[in-house]
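A.B. asks: Input structure: start00.pdb, which contains PDB, N, CA and C atoms.
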```
MODEL        1
ATOM      1  N   MET G 390    -160.785 -53.442 -85.455  1.00  0.00           N
ATOM      2  CA  MET G 390    -159.641 -52.599 -85.730  1.00  0.00           C
ATOM      3  C   MET G 390    -158.807 -53.250 -86.828  1.00  0.00           C
ATOM      4  N   ASP G 391    -158.533 -52.473 -87.895  1.00  0.00           N
ATOM      5  CA  ASP G 391    -157.727 -52.988 -88.995  1.00  0.00           C
ATOM      6  C   ASP G 391    -156.259 -52.861 -88.631  1.00  0.00           C
ATOM      7  N   THR G 392    -155.558 -53.928 -88.797  1.00  0.00           N
ATOM      8  CA  THR G 392    -154.114 -53.888 -88.557  1.00  0.00           C
ATOM      9  C   THR G 392    -153.398 -54.386 -89.787  1.00  0.00           C
ATOM     10  N   ASP G 393    -152.212 -53.932 -89.944  1.00  0.00           N
ATOM     11  CA  ASP G 393    -151.379 -54.348 -91.065  1.00  0.00           C
ATOM     12  C   ASP G 393    -150.788 -55.713 -90.735  1.00  0.00           C
ATOM     13  N   PRO G 394    -151.013 -56.733 -91.578  1.00  0.00           N
ATOM     14  CA  PRO G 394    -150.509 -58.069 -91.274  1.00  0.00           C
ATOM     15  C   PRO G 394    -148.983 -58.143 -91.261  1.00  0.00           C
ATOM     16  N   THR G 395    -148.333 -57.170 -91.869  1.00  0.00           N
ATOM     17  CA  THR G 395    -146.866 -57.195 -91.881  1.00  0.00           C
ATOM     18  C   THR G 395    -146.278 -56.572 -90.629  1.00  0.00           C
ATOM     19  N   GLY G 396    -147.135 -56.037 -89.775  1.00  0.00           N
ATOM     20  CA  GLY G 396    -146.650 -55.438 -88.540  1.00  0.00           C
ATOM     21  C   GLY G 396    -146.299 -53.967 -88.661  1.00  0.00           C
ATOM     22  N   GLY G 397    -146.411 -53.414 -89.869  1.00  0.00           N
ATOM     23  CA  GLY G 397    -146.117 -51.993 -90.048  1.00  0.00           C
ATOM     24  C   GLY G 397    -147.321 -51.145 -89.705  1.00  0.00           C
ATOM     25  N   ASP G 398    -147.150 -49.849 -89.813  1.00  0.00           N
ATOM     26  CA  ASP G 398    -148.307 -48.988 -89.545  1.00  0.00           C
ATOM     27  C   ASP G 398    -149.063 -48.722 -90.841  1.00  0.00           C
ATOM     28  N   ASP G 399    -150.222 -48.078 -90.714  1.00  0.00           N
ATOM     29  CA  ASP G 399    -151.116 -47.878 -91.853  1.00  0.00           C
ATOM     30  C   ASP G 399    -150.798 -46.608 -92.643  1.00  0.00           C
ATOM     31  N   ARG G 400    -149.792 -45.863 -92.251  1.00  0.00           N
ATOM     32  CA  ARG G 400    -149.480 -44.608 -92.943  1.00  0.00           C
ATOM     33  C   ARG G 400    -148.860 -44.872 -94.310  1.00  0.00           C
ATOM     34  N   LYS G 401    -149.146 -43.955 -95.227  1.00  0.00           N
ATOM     35  CA  LYS G 401    -148.567 -44.060 -96.565  1.00  0.00           C
ATOM     36  C   LYS G 401    -147.076 -43.722 -96.484  1.00  0.00           C
ATOM     37  N   PRO G 402    -146.284 -44.348 -97.333  1.00  0.00           N
ATOM     38  CA  PRO G 402    -144.859 -43.992 -97.335  1.00  0.00           C
ATOM     39  C   PRO G 402    -144.679 -42.554 -97.781  1.00  0.00           C
ATOM     40  N   ARG G 403    -143.703 -41.896 -97.219  1.00  0.00           N
ATOM     41  CA  ARG G 403    -143.432 -40.505 -97.555  1.00  0.00           C
ATOM     42  C   ARG G 403    -142.708 -40.417 -98.883  1.00  0.00           C
ATOM     43  N   LYS G 404    -143.076 -39.428 -99.657  1.00  0.00           N
ATOM     44  CA  LYS G 404    -142.369 -39.151-100.898  1.00  0.00           C
ATOM     45  C   LYS G 404    -141.082 -38.417-100.544  1.00  0.00           C
ATOM     46  N   PRO G 405    -140.031 -38.655-101.295  1.00  0.00           N
ATOM     47  CA  PRO G 405    -138.814 -37.883-101.041  1.00  0.00           C
ATOM     48  C   PRO G 405    -139.087 -36.406-101.298  1.00  0.00           C
ATOM     49  N   ARG G 406    -138.508 -35.574-100.496  1.00  0.00           N
ATOM     50  CA  ARG G 406    -138.693 -34.128-100.644  1.00  0.00           C
ATOM     51  C   ARG G 406    -138.018 -33.666-101.931  1.00  0.00           C
ATOM     52  N   GLU G 407    -138.764 -32.909-102.725  1.00  0.00           N
ATOM     53  CA  GLU G 407    -138.216 -32.363-103.959  1.00  0.00           C
ATOM     54  C   GLU G 407    -137.513 -31.050-103.653  1.00  0.00           C
ATOM     55  N   LEU G 408    -136.377 -30.861-104.281  1.00  0.00           N
ATOM     56  CA  LEU G 408    -135.667 -29.600-104.110  1.00  0.00           C
ATOM     57  C   LEU G 408    -136.392 -28.514-104.879  1.00  0.00           C
ATOM     58  N   PRO G 409    -136.454 -27.313-104.340  1.00  0.00           N
ATOM     59  CA  PRO G 409    -137.139 -26.235-105.058  1.00  0.00           C
ATOM     60  C   PRO G 409    -136.389 -25.877-106.334  1.00  0.00           C
ATOM     61  N   GLN G 410    -137.144 -25.555-107.345  1.00  0.00           N
ATOM     62  CA  GLN G 410    -136.547 -25.121-108.599  1.00  0.00           C
ATOM     63  C   GLN G 410    -136.114 -23.663-108.440  1.00  0.00           C
ATOM     64  N   PRO G 411    -135.030 -23.288-109.078  1.00  0.00           N
ATOM     65  CA  PRO G 411    -134.595 -21.897-108.949  1.00  0.00           C
ATOM     66  C   PRO G 411    -135.587 -20.951-109.608  1.00  0.00           C
ATOM     67  N   LEU G 412    -135.713 -19.786-109.051  1.00  0.00           N
ATOM     68  CA  LEU G 412    -136.566 -18.763-109.649  1.00  0.00           C
ATOM     69  C   LEU G 412    -135.781 -17.927-110.656  1.00  0.00           C
ATOM     70  N   ILE G 413    -134.483 -17.853-110.425  1.00  0.00           N
ATOM     71  CA  ILE G 413    -133.613 -17.055-111.290  1.00  0.00           C
ATOM     72  C   ILE G 413    -132.412 -17.891-111.696  1.00  0.00           C
ATOM     73  N   TYR G 414    -132.117 -17.877-112.985  1.00  0.00           N
ATOM     74  CA  TYR G 414    -130.920 -18.542-113.494  1.00  0.00           C
ATOM     75  C   TYR G 414    -129.812 -17.519-113.673  1.00  0.00           C
ATOM     76  N   ARG G 415    -128.602 -17.944-113.420  1.00  0.00           N
ATOM     77  CA  ARG G 415    -127.438 -17.102-113.658  1.00  0.00           C
ATOM     78  C   ARG G 415    -126.801 -17.516-114.983  1.00  0.00           C
ATOM     79  N   GLU G 416    -125.759 -16.812-115.359  1.00  0.00           N
ATOM     80  CA  GLU G 416    -125.105 -17.007-116.661  1.00  0.00           C
ATOM     81  C   GLU G 416    -124.706 -18.465-116.913  1.00  0.00           C
ATOM     82  N   ALA G 417    -124.050 -19.089-115.966  1.00  0.00           N
ATOM     83  CA  ALA G 417    -123.591 -20.476-116.153  1.00  0.00           C
ATOM     84  C   ALA G 417    -124.774 -21.437-116.319  1.00  0.00           C
ATOM     85  N   ASP G 418    -125.872 -21.149-115.618  1.00  0.00           N
ATOM     86  CA  ASP G 418    -127.064 -21.989-115.754  1.00  0.00           C
ATOM     87  C   ASP G 418    -127.603 -21.924-117.179  1.00  0.00           C
ATOM     88  N   LEU G 419    -127.615 -20.722-117.750  1.00  0.00           N
ATOM     89  CA  LEU G 419    -128.162 -20.550-119.097  1.00  0.00           C
ATOM     90  C   LEU G 419    -127.333 -21.274-120.139  1.00  0.00           C
ATOM     91  N   LYS G 420    -126.036 -21.264-119.963  1.00  0.00           N
ATOM     92  CA  LYS G 420    -125.166 -21.975-120.897  1.00  0.00           C
ATOM     93  C   LYS G 420    -125.541 -23.455-120.917  1.00  0.00           C
ATOM     94  N   ALA G 421    -125.762 -24.031-119.737  1.00  0.00           N
ATOM     95  CA  ALA G 421    -126.119 -25.447-119.647  1.00  0.00           C
ATOM     96  C   ALA G 421    -127.537 -25.705-120.173  1.00  0.00           C
ATOM     97  N   LEU G 422    -128.463 -24.802-119.927  1.00  0.00           N
ATOM     98  CA  LEU G 422    -129.854 -24.994-120.331  1.00  0.00           C
ATOM     99  C   LEU G 422    -130.091 -24.792-121.820  1.00  0.00           C
ATOM    100  N   THR G 423    -129.421 -23.808-122.397  1.00  0.00           N
ATOM    101  CA  THR G 423    -129.728 -23.426-123.771  1.00  0.00           C
ATOM    102  C   THR G 423    -128.679 -23.859-124.790  1.00  0.00           C
ATOM    103  N   SER G 424    -127.485 -24.148-124.339  1.00  0.00           N
ATOM    104  CA  SER G 424    -126.345 -24.470-125.218  1.00  0.00           C
ATOM    105  C   SER G 424    -125.976 -23.292-126.118  1.00  0.00           C
ATOM    106  N   LEU G 425    -126.453 -22.112-125.797  1.00  0.00           N
ATOM    107  CA  LEU G 425    -126.111 -20.915-126.554  1.00  0.00           C
ATOM    108  C   LEU G 425    -124.947 -20.199-125.881  1.00  0.00           C
ATOM    109  N   SER G 426    -124.066 -19.646-126.689  1.00  0.00           N
ATOM    110  CA  SER G 426    -122.964 -18.864-126.129  1.00  0.00           C
ATOM    111  C   SER G 426    -123.512 -17.559-125.557  1.00  0.00           C
ATOM    112  N   ARG G 427    -122.704 -16.914-124.755  1.00  0.00           N
ATOM    113  CA  ARG G 427    -123.109 -15.629-124.182  1.00  0.00           C
ATOM    114  C   ARG G 427    -123.395 -14.618-125.298  1.00  0.00           C
ATOM    115  N   LYS G 428    -122.545 -14.598-126.307  1.00  0.00           N
ATOM    116  CA  LYS G 428    -122.726 -13.667-127.432  1.00  0.00           C
ATOM    117  C   LYS G 428    -124.031 -13.939-128.166  1.00  0.00           C
ATOM    118  N   ALA G 429    -124.341 -15.210-128.388  1.00  0.00           N
ATOM    119  CA  ALA G 429    -125.593 -15.553-129.082  1.00  0.00           C
ATOM    120  C   ALA G 429    -126.796 -15.110-128.250  1.00  0.00           C
ATOM    121  N   ARG G 430    -126.731 -15.282-126.939  1.00  0.00           N
ATOM    122  CA  ARG G 430    -127.840 -14.841-126.074  1.00  0.00           C
ATOM    123  C   ARG G 430    -127.952 -13.321-126.068  1.00  0.00           C
ATOM    124  N   GLU G 431    -126.808 -12.635-126.010  1.00  0.00           N
ATOM    125  CA  GLU G 431    -126.829 -11.164-126.040  1.00  0.00           C
ATOM    126  C   GLU G 431    -127.462 -10.662-127.335  1.00  0.00           C
ATOM    127  N   ASP G 432    -127.066 -11.261-128.449  1.00  0.00           N
ATOM    128  CA  ASP G 432    -127.638 -10.856-129.747  1.00  0.00           C
ATOM    129  C   ASP G 432    -129.144 -11.132-129.787  1.00  0.00           C
ATOM    130  N   ALA G 433    -129.554 -12.272-129.264  1.00  0.00           N
ATOM    131  CA  ALA G 433    -130.979 -12.618-129.261  1.00  0.00           C
ATOM    132  C   ALA G 433    -131.768 -11.682-128.339  1.00  0.00           C
ATOM    133  N   MET G 434    -131.174 -11.283-127.218  1.00  0.00           N
ATOM    134  CA  MET G 434    -131.859 -10.330-126.331  1.00  0.00           C
ATOM    135  C   MET G 434    -132.051  -8.995-127.049  1.00  0.00           C
ATOM    136  N   LYS G 435    -131.009  -8.547-127.744  1.00  0.00           N
ATOM    137  CA  LYS G 435    -131.113  -7.285-128.490  1.00  0.00           C
ATOM    138  C   LYS G 435    -132.166  -7.372-129.585  1.00  0.00           C
ATOM    139  N   ALA G 436    -132.283  -8.547-130.193  1.00  0.00           N
ATOM    140  CA  ALA G 436    -133.276  -8.742-131.257  1.00  0.00           C
ATOM    141  C   ALA G 436    -134.674  -8.984-130.696  1.00  0.00           C
ATOM    142  N   GLY G 437    -134.782  -9.188-129.396  1.00  0.00           N
ATOM    143  CA  GLY G 437    -136.078  -9.425-128.767  1.00  0.00           C
ATOM    144  C   GLY G 437    -136.555 -10.860-128.874  1.00  0.00           C
ATOM    145  N   THR G 438    -135.634 -11.784-129.181  1.00  0.00           N
ATOM    146  CA  THR G 438    -136.022 -13.189-129.323  1.00  0.00           C
ATOM    147  C   THR G 438    -135.572 -14.060-128.160  1.00  0.00           C
ATOM    148  N   PHE G 439    -134.999 -13.454-127.145  1.00  0.00           N
ATOM    149  CA  PHE G 439    -134.585 -14.171-125.941  1.00  0.00           C
ATOM    150  C   PHE G 439    -134.939 -13.288-124.752  1.00  0.00           C
ATOM    151  N   PRO G 440    -135.366 -13.874-123.635  1.00  0.00           N
ATOM    152  CA  PRO G 440    -135.755 -13.057-122.480  1.00  0.00           C
ATOM    153  C   PRO G 440    -134.619 -12.143-122.001  1.00  0.00           C
ATOM    154  N   ARG G 441    -134.999 -10.959-121.585  1.00  0.00           N
ATOM    155  CA  ARG G 441    -134.023 -10.002-121.064  1.00  0.00           C
ATOM    156  C   ARG G 441    -133.657 -10.340-119.629  1.00  0.00           C
ATOM    157  N   ALA G 442    -132.448  -9.998-119.268  1.00  0.00           N
ATOM    158  CA  ALA G 442    -131.957 -10.235-117.911  1.00  0.00           C
ATOM    159  C   ALA G 442    -132.596  -9.245-116.945  1.00  0.00           C
ATOM    160  N   VAL G 443    -132.658  -9.661-115.680  1.00  0.00           N
ATOM    161  CA  VAL G 443    -133.111  -8.761-114.619  1.00  0.00           C
ATOM    162  C   VAL G 443    -131.897  -8.447-113.744  1.00  0.00           C
ATOM    163  N   PRO G 444    -131.737  -7.189-113.353  1.00  0.00           N
ATOM    164  CA  PRO G 444    -130.595  -6.844-112.505  1.00  0.00           C
ATOM    165  C   PRO G 444    -130.778  -7.410-111.096  1.00  0.00           C
ATOM    166  N   LEU G 445    -129.719  -8.033-110.586  1.00  0.00           N
ATOM    167  CA  LEU G 445    -129.737  -8.561-109.222  1.00  0.00           C
ATOM    168  C   LEU G 445    -128.945  -7.664-108.282  1.00  0.00           C
ATOM    169  N   SER G 446    -127.958  -6.990-108.826  1.00  0.00           N
ATOM    170  CA  SER G 446    -127.169  -6.005-108.084  1.00  0.00           C
ATOM    171  C   SER G 446    -126.546  -5.089-109.127  1.00  0.00           C
ATOM    172  N   THR G 447    -125.598  -4.283-108.730  1.00  0.00           N
ATOM    173  CA  THR G 447    -124.992  -3.368-109.701  1.00  0.00           C
ATOM    174  C   THR G 447    -124.201  -4.108-110.768  1.00  0.00           C
ATOM    175  N   LYS G 448    -123.710  -5.318-110.449  1.00  0.00           N
ATOM    176  CA  LYS G 448    -122.918  -6.067-111.422  1.00  0.00           C
ATOM    177  C   LYS G 448    -123.523  -7.410-111.813  1.00  0.00           C
ATOM    178  N   ALA G 449    -124.402  -7.937-111.010  1.00  0.00           N
ATOM    179  CA  ALA G 449    -124.968  -9.271-111.267  1.00  0.00           C
ATOM    180  C   ALA G 449    -126.319  -9.161-111.960  1.00  0.00           C
ATOM    181  N   ARG G 450    -126.581 -10.141-112.794  1.00  0.00           N
ATOM    182  CA  ARG G 450    -127.880 -10.215-113.449  1.00  0.00           C
ATOM    183  C   ARG G 450    -128.304 -11.668-113.526  1.00  0.00           C
ATOM    184  N   GLY G 451    -129.584 -11.854-113.743  1.00  0.00           N
ATOM    185  CA  GLY G 451    -130.122 -13.199-113.840  1.00  0.00           C
ATOM    186  C   GLY G 451    -131.319 -13.191-114.770  1.00  0.00           C
ATOM    187  N   TRP G 452    -131.822 -14.379-115.041  1.00  0.00           N
ATOM    188  CA  TRP G 452    -132.978 -14.537-115.931  1.00  0.00           C
ATOM    189  C   TRP G 452    -134.045 -15.301-115.194  1.00  0.00           C
ATOM    190  N   LEU G 453    -135.279 -14.863-115.323  1.00  0.00           N
ATOM    191  CA  LEU G 453    -136.377 -15.534-114.649  1.00  0.00           C
ATOM    192  C   LEU G 453    -136.565 -16.926-115.230  1.00  0.00           C
ATOM    193  N   ALA G 454    -136.601 -17.906-114.356  1.00  0.00           N
ATOM    194  CA  ALA G 454    -136.732 -19.302-114.789  1.00  0.00           C
ATOM    195  C   ALA G 454    -138.012 -19.499-115.596  1.00  0.00           C
ATOM    196  N   SER G 455    -139.083 -18.820-115.208  1.00  0.00           N
ATOM    197  CA  SER G 455    -140.352 -18.968-115.934  1.00  0.00           C
ATOM    198  C   SER G 455    -140.229 -18.464-117.369  1.00  0.00           C
ATOM    199  N   GLU G 456    -139.498 -17.383-117.580  1.00  0.00           N
ATOM    200  CA  GLU G 456    -139.319 -16.843-118.932  1.00  0.00           C
ATOM    201  C   GLU G 456    -138.428 -17.753-119.772  1.00  0.00           C
ATOM    202  N   ILE G 457    -137.417 -18.345-119.155  1.00  0.00           N
ATOM    203  CA  ILE G 457    -136.550 -19.271-119.879  1.00  0.00           C
ATOM    204  C   ILE G 457    -137.337 -20.524-120.254  1.00  0.00           C
ATOM    205  N   ALA G 458    -138.157 -21.018-119.332  1.00  0.00           N
ATOM    206  CA  ALA G 458    -138.994 -22.195-119.625  1.00  0.00           C
ATOM    207  C   ALA G 458    -139.955 -21.887-120.776  1.00  0.00           C
ATOM    208  N   ASP G 459    -140.546 -20.689-120.769  1.00  0.00           N
ATOM    209  CA  ASP G 459    -141.444 -20.285-121.865  1.00  0.00           C
ATOM    210  C   ASP G 459    -140.689 -20.220-123.190  1.00  0.00           C
ATOM    211  N   TRP G 460    -139.469 -19.672-123.161  1.00  0.00           N
ATOM    212  CA  TRP G 460    -138.654 -19.571-124.375  1.00  0.00           C
ATOM    213  C   TRP G 460    -138.359 -20.960-124.933  1.00  0.00           C
ATOM    214  N   ILE G 461    -138.013 -21.892-124.059  1.00  0.00           N
ATOM    215  CA  ILE G 461    -137.734 -23.257-124.496  1.00  0.00           C
ATOM    216  C   ILE G 461    -138.983 -23.882-125.121  1.00  0.00           C
ATOM    217  N   GLU G 462    -140.137 -23.674-124.501  1.00  0.00           N
ATOM    218  CA  GLU G 462    -141.392 -24.209-125.051  1.00  0.00           C
ATOM    219  C   GLU G 462    -141.698 -23.586-126.410  1.00  0.00           C
ATOM    220  N   GLU G 463    -141.417 -22.289-126.565  1.00  0.00           N
ATOM    221  CA  GLU G 463    -141.632 -21.620-127.859  1.00  0.00           C
ATOM    222  C   GLU G 463    -140.722 -22.239-128.929  1.00  0.00           C
ATOM    223  N   ARG G 464    -139.494 -22.552-128.560  1.00  0.00           N
ATOM    224  CA  ARG G 464    -138.558 -23.165-129.510  1.00  0.00           C
ATOM    225  C   ARG G 464    -139.056 -24.548-129.922  1.00  0.00           C
ATOM    226  N   LYS G 465    -139.583 -25.296-128.956  1.00  0.00           N
ATOM    227  CA  LYS G 465    -140.119 -26.626-129.261  1.00  0.00           C
ATOM    228  C   LYS G 465    -141.333 -26.518-130.183  1.00  0.00           C
ATOM    229  N   ALA G 466    -142.201 -25.545-129.913  1.00  0.00           N
ATOM    230  CA  ALA G 466    -143.389 -25.357-130.749  1.00  0.00           C
ATOM    231  C   ALA G 466    -143.000 -24.961-132.168  1.00  0.00           C
ATOM    232  N   ALA G 467    -141.975 -24.103-132.299  1.00  0.00           N
ATOM    233  CA  ALA G 467    -141.514 -23.695-133.625  1.00  0.00           C
ATOM    234  C   ALA G 467    -140.945 -24.889-134.382  1.00  0.00           C
ATOM    235  N   ARG G 468    -140.214 -25.742-133.679  1.00  0.00           N
ATOM    236  CA  ARG G 468    -139.667 -26.947-134.299  1.00  0.00           C
ATOM    237  C   ARG G 468    -140.779 -27.863-134.789  1.00  0.00           C
ATOM    238  N   ASP G 469    -141.795 -28.056-133.950  1.00  0.00           N
ATOM    239  CA  ASP G 469    -142.889 -28.971-134.282  1.00  0.00           C
ATOM    240  C   ASP G 469    -143.777 -28.427-135.406  1.00  0.00           C
ATOM    241  N   ALA G 470    -143.833 -27.103-135.544  1.00  0.00           N
ATOM    242  CA  ALA G 470    -144.656 -26.495-136.579  1.00  0.00           C
ATOM    243  C   ALA G 470    -143.971 -26.541-137.951  1.00  0.00           C
ATOM    244  N   ALA G 471    -142.669 -26.712-137.935  1.00  0.00           N
ATOM    245  CA  ALA G 471    -141.904 -26.690-139.206  1.00  0.00           C
ATOM    246  C   ALA G 471    -142.055 -27.986-139.976  1.00  0.00           C
TER     247      ALA G 471
ENDMDL
END
```
Would you give me this structure, written as structure tokens?
C.D. replies:
Amino acid sequence: MDTDPTGGDDRKPRKPRELPQPLIYREADLKALTSLSRKAREDAMKAGTFPRAVPLSTKARGWLASEIADWIEERKAARDAA
């Protein structure tokens, strides 16, 4: 029987639990993520160069985190191609 010489058990240490990433970002989140003003994002949405918001209720809206991540990657690729 294999035993741990330090007196501990043979189980691997647990990884800290990761918090789930949001699926939808709200307005304040986008300001922090993109550094773009609300007006700049609105103009880019109208031009089709920024992801469109999804309605969450009659007054609330949000943006899919996956689409924002894709937009950021596209911006990085455009920078690297220049």
A.B. asks: Go ahead and compute the interatomic distance for atom N of Ile461 in chain G and CA of Lys448 in chain G, in Å to one decimal.
C.D. replies: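 For atom N of Ile461 in chain G relative to CA of Lys448 in chain G, the distance reads 25.3 Å.
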A.B. asks: Quick one: pull the distance between CA of Gln410 in chain G and atom C of Ile457 in chain G, Å, one decimal.
C.D. replies: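 These two atoms are separated by 12.6 Å.
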A.B. asks: Just say which residues the PyMOL selection byres ((chain G and resi 432-442) around 7) picks in this file, as a list in words.
C.D. replies: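 Evaluating the PyMOL selection byres ((chain G and resi 432-442) around 7) on this file yields Arg427, Lys428, Ala429, Arg430, Glu431, Val443, Pro444, Arg450, Gly451, Trp452, Leu453, Glu456, Ile457 and Trp460 of chain G.
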A.B. asks: Give the strand (DSSP E) residues of chain G, as DSSP finds them on the backbone, and put them as a list in words.
C.D. replies: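 Checking each residue of chain G, the strand (DSSP E) ones are Ile413, Tyr414, Val443, Pro444, Arg450, Gly451, Trp452 and Leu453 of chain G.
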A.B. asks: Enclose the full set of atoms of range 438-456 of chain G listed in the file within a box whose edges lie along x, y and z, apply 5 Å of padding to each of the six sides, and report centre and edge lengths in Å to one decimal as lines of an AutoDock Vina configuration file.
C.D. replies:
```
center_x = -131.6
center_y = -11.4
center_z = -118.7
size_x = 27.4
size_y = 26.1
size_z = 31.2
```
A.B. asks: Rounded to one decimal, what separation in Å do you get between CA of Glu462 in chain G and CA of Glu407 in chain G?
C.D. replies: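 CA of Glu407 in chain G lies 22.8 Å from CA of Glu462 in chain G.
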A.B. asks: Within 7 Å of Ser455 in chain G, counting only N, CA and C atoms, which residues show up once you throw out same-chain ones fewer than 3 positions away? Write them as a PyMOL selection string, please.
C.D. replies: chain G and resi 411-413+452+458-460
A.B. asks: Write a file of the just-selected residues containing N, CA and C atoms, as a tab-separated table (two decimals), in the frame of the given file.
C.D. replies:
```
chain	number	residue	atom	x	y	z
G	411	PRO	N	-135.03	-23.29	-109.08
G	411	PRO	CA	-134.60	-21.90	-108.95
G	411	PRO	C	-135.59	-20.95	-109.61
G	412	LEU	N	-135.71	-19.79	-109.05
G	412	LEU	CA	-136.57	-18.76	-109.65
G	412	LEU	C	-135.78	-17.93	-110.66
G	413	ILE	N	-134.48	-17.85	-110.42
G	413	ILE	CA	-133.61	-17.06	-111.29
G	413	ILE	C	-132.41	-17.89	-111.70
G	452	TRP	N	-131.82	-14.38	-115.04
G	452	TRP	CA	-132.98	-14.54	-115.93
G	452	TRP	C	-134.04	-15.30	-115.19
G	458	ALA	N	-138.16	-21.02	-119.33
G	458	ALA	CA	-138.99	-22.20	-119.62
G	458	ALA	C	-139.96	-21.89	-120.78
G	459	ASP	N	-140.55	-20.69	-120.77
G	459	ASP	CA	-141.44	-20.28	-121.86
G	459	ASP	C	-140.69	-20.22	-123.19
G	460	TRP	N	-139.47	-19.67	-123.16
G	460	TRP	CA	-138.65	-19.57	-124.38
G	460	TRP	C	-138.36	-20.96	-124.93
```
A.B. asks: May I have all residues of range 419-459 of chain G that DSSP, computed from the backbone, assigns to helix (DSSP H, G or I), given as a ChimeraX atom specification?
C.D. replies: /G:419-423,427-436,454-459
A.B. asks: Those residues you just picked out, can you put them in a file as a compact mmCIF listing (two decimals), in the frame of the given file with N, CA and C atoms?
C.D. replies:
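Produced file part.txt, reproduced below:
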```txt
# COMPACT_ATOMS: atom_id res chain seq x y z
N LEU G 419 -127.62 -20.72 -117.75
CA LEU G 419 -128.16 -20.55 -119.10
C LEU G 419 -127.33 -21.27 -120.14
N LYS G 420 -126.04 -21.26 -119.96
CA LYS G 420 -125.17 -21.98 -120.90
C LYS G 420 -125.54 -23.46 -120.92
N ALA G 421 -125.76 -24.03 -119.74
CA ALA G 421 -126.12 -25.45 -119.65
C ALA G 421 -127.54 -25.70 -120.17
N LEU G 422 -128.46 -24.80 -119.93
CA LEU G 422 -129.85 -24.99 -120.33
C LEU G 422 -130.09 -24.79 -121.82
N THR G 423 -129.42 -23.81 -122.40
CA THR G 423 -129.73 -23.43 -123.77
C THR G 423 -128.68 -23.86 -124.79
N ARG G 427 -122.70 -16.91 -124.76
CA ARG G 427 -123.11 -15.63 -124.18
C ARG G 427 -123.40 -14.62 -125.30
N LYS G 428 -122.54 -14.60 -126.31
CA LYS G 428 -122.73 -13.67 -127.43
C LYS G 428 -124.03 -13.94 -128.17
N ALA G 429 -124.34 -15.21 -128.39
CA ALA G 429 -125.59 -15.55 -129.08
C ALA G 429 -126.80 -15.11 -128.25
N ARG G 430 -126.73 -15.28 -126.94
CA ARG G 430 -127.84 -14.84 -126.07
C ARG G 430 -127.95 -13.32 -126.07
N GLU G 431 -126.81 -12.64 -126.01
CA GLU G 431 -126.83 -11.16 -126.04
C GLU G 431 -127.46 -10.66 -127.34
N ASP G 432 -127.07 -11.26 -128.45
CA ASP G 432 -127.64 -10.86 -129.75
C ASP G 432 -129.14 -11.13 -129.79
N ALA G 433 -129.55 -12.27 -129.26
CA ALA G 433 -130.98 -12.62 -129.26
C ALA G 433 -131.77 -11.68 -128.34
N MET G 434 -131.17 -11.28 -127.22
CA MET G 434 -131.86 -10.33 -126.33
C MET G 434 -132.05 -8.99 -127.05
N LYS G 435 -131.01 -8.55 -127.74
CA LYS G 435 -131.11 -7.28 -128.49
C LYS G 435 -132.17 -7.37 -129.58
N ALA G 436 -132.28 -8.55 -130.19
CA ALA G 436 -133.28 -8.74 -131.26
C ALA G 436 -134.67 -8.98 -130.70
N ALA G 454 -136.60 -17.91 -114.36
CA ALA G 454 -136.73 -19.30 -114.79
C ALA G 454 -138.01 -19.50 -115.60
N SER G 455 -139.08 -18.82 -115.21
CA SER G 455 -140.35 -18.97 -115.93
C SER G 455 -140.23 -18.46 -117.37
N GLU G 456 -139.50 -17.38 -117.58
CA GLU G 456 -139.32 -16.84 -118.93
C GLU G 456 -138.43 -17.75 -119.77
N ILE G 457 -137.42 -18.34 -119.16
CA ILE G 457 -136.55 -19.27 -119.88
C ILE G 457 -137.34 -20.52 -120.25
N ALA G 458 -138.16 -21.02 -119.33
CA ALA G 458 -138.99 -22.20 -119.62
C ALA G 458 -139.96 -21.89 -120.78
N ASP G 459 -140.55 -20.69 -120.77
CA ASP G 459 -141.44 -20.28 -121.86
C ASP G 459 -140.69 -20.22 -123.19
```
A.B. asks: Just save range 448-463 of chain G with C-alpha atoms, as a CSV table (one decimal), in the first residue's frame.
C.D. replies:
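After the write, out_30.csv holds the following:
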```
chain,number,residue,atom,x,y,z
G,448,LYS,CA,-36.3,49.1,-21.3
G,449,ALA,CA,-33.1,47.0,-20.7
G,450,ARG,CA,-30.7,45.7,-23.3
G,451,GLY,CA,-27.5,43.8,-23.3
G,452,TRP,CA,-24.8,42.5,-25.5
G,453,LEU,CA,-23.8,38.9,-26.0
G,454,ALA,CA,-20.4,38.3,-24.4
G,455,SER,CA,-19.4,36.0,-27.3
G,456,GLU,CA,-20.1,38.7,-29.8
G,457,ILE,CA,-18.1,41.3,-27.8
G,458,ALA,CA,-15.2,38.9,-27.5
G,459,ASP,CA,-15.3,38.3,-31.3
G,460,TRP,CA,-15.4,42.1,-31.9
G,461,ILE,CA,-12.3,42.5,-29.7
G,462,GLU,CA,-10.5,39.7,-31.6
G,463,GLU,CA,-11.4,41.4,-34.9
```
